[in-house]
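Please read the structure below before turning to the comments.
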Amino acid sequence: MKYLLTSITLCLFVSGISGCSSSRERDKPVQPVTHTIVIKQMKFVPDQLTVHPGDTVTWINEDFVSHTVAAKNDEKWESDEIKQGERFMLTFTDSVRYTCTLHPVMEGRILVDRELEM
Amino acid sequence: MLQTVKKASIFFMFFGMMISGAVQAQTRDSMEDSDKYNDAEIAAIAVAANEIDIEYAKIAKDKSTNDEILGFANTMIKDHNAVIGQAVKLVKKLGVTPEPNDLSKKLRSDAESTRMMLKEKSGEAFDKAYINNEVAYHKAVIDAIENVLIPDTENGELKDLLKGVLPALRAHLEHAESVREKVTM
């Protein structure tokens, strides 16, 4: 009997800690993160990236030809020319498909996951 | 001289005719070392091939009013100048002086006739002629680099540079094909 009571108490204690911990995890604001996309061999690597709202993405050009990064279709934003070794940074709140205006065959996508905002 | 003519003939077989891969491989395998280009000659050929496309693009900028053509031409000028910059930096580092040869001279003289043809055209006819030539030119250059220049190159860094140029040339070809679709619609 004593053993049973001890086991029940222990289970309640552990589940209580676990519950508190989950609640704290949910309440904790997600810190913005910086992600890196490398431009190399005429490709965005990775070409698809999922981020939290408010995260920043940095593109680094490793090719010897210059590139740009620009929103596709809606033309909301476009980088200046990014030369070899240079970088371009942008913070995202919305998903976007993007391209290089100098080499339109290059395409990438940033997916802002709203569920990750919770 | 006979060897040079033989080398040039083999090169143009690759460069101009777009023959099948099987035949290309057989031809390269049967070549002797004396038929191959040396690194200094390859450097001169690479620089000539880039300069030729820059010249075509400059004509397009003068003659076309089509945004797709102008955008493509601007990219060709920027990218091929970047390739030349890399090549010049490398040959300086390696202490190699590009050796103009019968082939690099022939490339330039053939390009002159293409330039004359382009200059005689205007409007949509020019746009079509320019972009058709760009598609064919990039196919030929990619083929030549893959099957002639890279196999012949001795120096590892020069070989890496040639390999490194291929993704850009393939992107140019894809871009040119997309512009051609729009221009010829």
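Going through the structure tokens in order, the chains are called A, B, and so on, while each chain numbers its residues from 1 and the ligands are numbered from 1 in the order shown.
Every chain B residue lying within 8 Å of chain A, based on only C-alpha atoms, is listed here: Gly71, Phe72, Thr75, Lys78, Asp79, Ala82, Val83, Gln86, Gly164, Pro167, Ala168, Ala171, His172, Glu174 and His175 of chain B.
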Extract, using only C-alpha atoms, all DNA, RNA and protein residues at most 10 Å from Tyr130 in chain B, discarding same-chain residues fewer than 6 positions from it, and format them as a list in words.
->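 Counting only C-alpha atoms, the residues come to Tyr56, Ala57, Ile59, Ala60, Ser64, Ile69, Ala73, Thr114, Arg115, Met117, Leu118, Lys119, Lys121, Glu124, Ala176 and Arg180 of chain B.
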Measure the distance from CA of Val91 in chain B to CA of Ala49 in chain B in Å and round it to one decimal.
->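 Value for the CA of Val91 in chain B-CA of Ala49 in chain B distance: 16.1 Å.
The nearest approach to Ile142 in chain B among the residues B:Pro100, B:Leu70, B:Asn50, B:Ala111, with only C-alpha atoms taken into account, belongs to B:Asn50.
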Residues within 10 Å of Val45 in chain A, only C-alpha atoms, excluding chain neighbours under 5 positions, as a ChimeraX atom specification | /A:36-40,59-60,108
Close residues, Glu181 in chain B itself excluded, 12 Å, only C-alpha atoms, min 2 positions apart in chain, as number ranges by chain | B: 68-69, 127-128, 131-132, 135, 174-179, 183-185
Any chance you can output those residues with all heavy atoms as a compact mmCIF listing (two decimals), in the first residue's frame?
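again.txt, freshly written:
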```txt
# COMPACT_ATOMS: atom_id res chain seq x y z
N GLU B 68 13.68 42.04 -72.55
CA GLU B 68 14.24 40.70 -72.31
C GLU B 68 15.63 40.58 -72.94
O GLU B 68 16.55 40.03 -72.34
CB GLU B 68 13.32 39.62 -72.89
CG GLU B 68 11.96 39.52 -72.24
CD GLU B 68 12.01 38.79 -70.90
OE1 GLU B 68 13.02 38.15 -70.60
OE2 GLU B 68 11.01 38.88 -70.17
N ILE B 69 15.75 41.08 -74.16
CA ILE B 69 17.04 41.03 -74.86
C ILE B 69 18.06 41.91 -74.14
O ILE B 69 19.21 41.50 -73.92
CB ILE B 69 16.88 41.51 -76.33
CG1 ILE B 69 15.98 40.54 -77.12
CG2 ILE B 69 18.24 41.72 -77.01
CD1 ILE B 69 16.64 39.24 -77.51
N ASP B 127 16.41 40.88 -82.90
CA ASP B 127 16.23 40.18 -81.61
C ASP B 127 16.28 38.67 -81.80
O ASP B 127 16.92 37.95 -81.03
CB ASP B 127 14.89 40.58 -80.97
CG ASP B 127 14.89 42.04 -80.53
OD1 ASP B 127 15.98 42.63 -80.40
OD2 ASP B 127 13.78 42.58 -80.32
N LYS B 128 15.58 38.20 -82.84
CA LYS B 128 15.55 36.74 -83.09
C LYS B 128 16.94 36.23 -83.48
O LYS B 128 17.38 35.18 -82.99
CB LYS B 128 14.55 36.42 -84.21
CG LYS B 128 13.11 36.54 -83.75
CD LYS B 128 12.14 36.29 -84.89
CE LYS B 128 10.72 36.57 -84.45
NZ LYS B 128 9.75 36.46 -85.54
N ILE B 131 19.28 36.25 -80.31
CA ILE B 131 19.04 35.24 -79.27
C ILE B 131 19.23 33.83 -79.83
O ILE B 131 19.69 32.94 -79.11
CB ILE B 131 17.66 35.45 -78.60
CG1 ILE B 131 17.68 34.86 -77.19
CG2 ILE B 131 16.51 34.89 -79.41
CD1 ILE B 131 18.60 35.53 -76.21
N ASN B 132 18.92 33.62 -81.11
CA ASN B 132 19.21 32.31 -81.71
C ASN B 132 20.71 32.04 -81.70
O ASN B 132 21.16 30.93 -81.41
CB ASN B 132 18.70 32.26 -83.16
CG ASN B 132 17.20 31.99 -83.21
OD1 ASN B 132 16.64 31.37 -82.32
ND2 ASN B 132 16.54 32.49 -84.25
N VAL B 135 21.84 31.10 -78.14
CA VAL B 135 21.52 29.70 -77.79
C VAL B 135 22.57 28.78 -78.42
O VAL B 135 23.17 27.94 -77.74
CB VAL B 135 20.09 29.31 -78.25
CG1 VAL B 135 19.87 27.81 -78.13
CG2 VAL B 135 19.04 30.07 -77.43
N GLU B 174 20.00 28.34 -70.51
CA GLU B 174 18.59 28.20 -70.11
C GLU B 174 17.88 29.56 -70.21
O GLU B 174 16.74 29.65 -70.66
CB GLU B 174 18.54 27.69 -68.66
CG GLU B 174 17.25 26.98 -68.32
CD GLU B 174 17.25 26.42 -66.89
OE1 GLU B 174 18.31 25.98 -66.41
OE2 GLU B 174 16.19 26.47 -66.27
N HIS B 175 18.59 30.60 -69.78
CA HIS B 175 18.05 31.97 -69.86
C HIS B 175 17.80 32.34 -71.33
O HIS B 175 16.74 32.86 -71.68
CB HIS B 175 19.06 32.92 -69.20
CG HIS B 175 18.59 34.32 -69.03
ND1 HIS B 175 19.36 35.29 -68.44
CD2 HIS B 175 17.44 34.95 -69.39
CE1 HIS B 175 18.70 36.43 -68.42
NE2 HIS B 175 17.53 36.26 -68.99
N ALA B 176 18.77 32.06 -72.18
CA ALA B 176 18.65 32.40 -73.62
C ALA B 176 17.47 31.65 -74.24
O ALA B 176 16.71 32.23 -75.04
CB ALA B 176 19.95 32.05 -74.34
N GLU B 177 17.31 30.38 -73.88
CA GLU B 177 16.19 29.60 -74.44
C GLU B 177 14.85 30.19 -73.99
O GLU B 177 13.90 30.25 -74.77
CB GLU B 177 16.31 28.14 -74.02
CG GLU B 177 17.43 27.42 -74.79
CD GLU B 177 17.73 26.02 -74.26
OE1 GLU B 177 17.46 25.74 -73.08
OE2 GLU B 177 18.27 25.21 -75.04
N SER B 178 14.81 30.65 -72.74
CA SER B 178 13.56 31.26 -72.24
C SER B 178 13.28 32.59 -72.95
O SER B 178 12.14 32.87 -73.32
CB SER B 178 13.72 31.45 -70.72
OG SER B 178 12.95 32.49 -70.26
N VAL B 179 14.33 33.39 -73.17
CA VAL B 179 14.14 34.66 -73.91
C VAL B 179 13.72 34.37 -75.35
O VAL B 179 12.84 35.04 -75.89
CB VAL B 179 15.45 35.50 -73.89
CG1 VAL B 179 15.33 36.72 -74.78
CG2 VAL B 179 15.78 35.93 -72.45
N VAL B 183 10.62 35.93 -77.37
CA VAL B 183 10.87 36.79 -78.53
C VAL B 183 10.24 36.22 -79.80
O VAL B 183 9.80 36.97 -80.67
CB VAL B 183 12.41 36.96 -78.72
CG1 VAL B 183 12.75 37.53 -80.07
CG2 VAL B 183 12.96 37.85 -77.62
N THR B 184 10.19 34.90 -79.89
CA THR B 184 9.69 34.31 -81.13
C THR B 184 8.20 33.93 -81.04
O THR B 184 7.67 33.32 -81.95
CB THR B 184 10.51 33.03 -81.49
OG1 THR B 184 10.47 32.15 -80.36
CG2 THR B 184 11.93 33.38 -81.82
N MET B 185 7.54 34.29 -79.95
CA MET B 185 6.10 33.97 -79.82
C MET B 185 5.25 34.78 -80.79
O MET B 185 5.52 35.92 -81.05
CB MET B 185 5.61 34.24 -78.39
CG MET B 185 5.74 33.02 -77.50
SD MET B 185 5.33 33.41 -75.78
CE MET B 185 3.61 33.80 -75.92
```
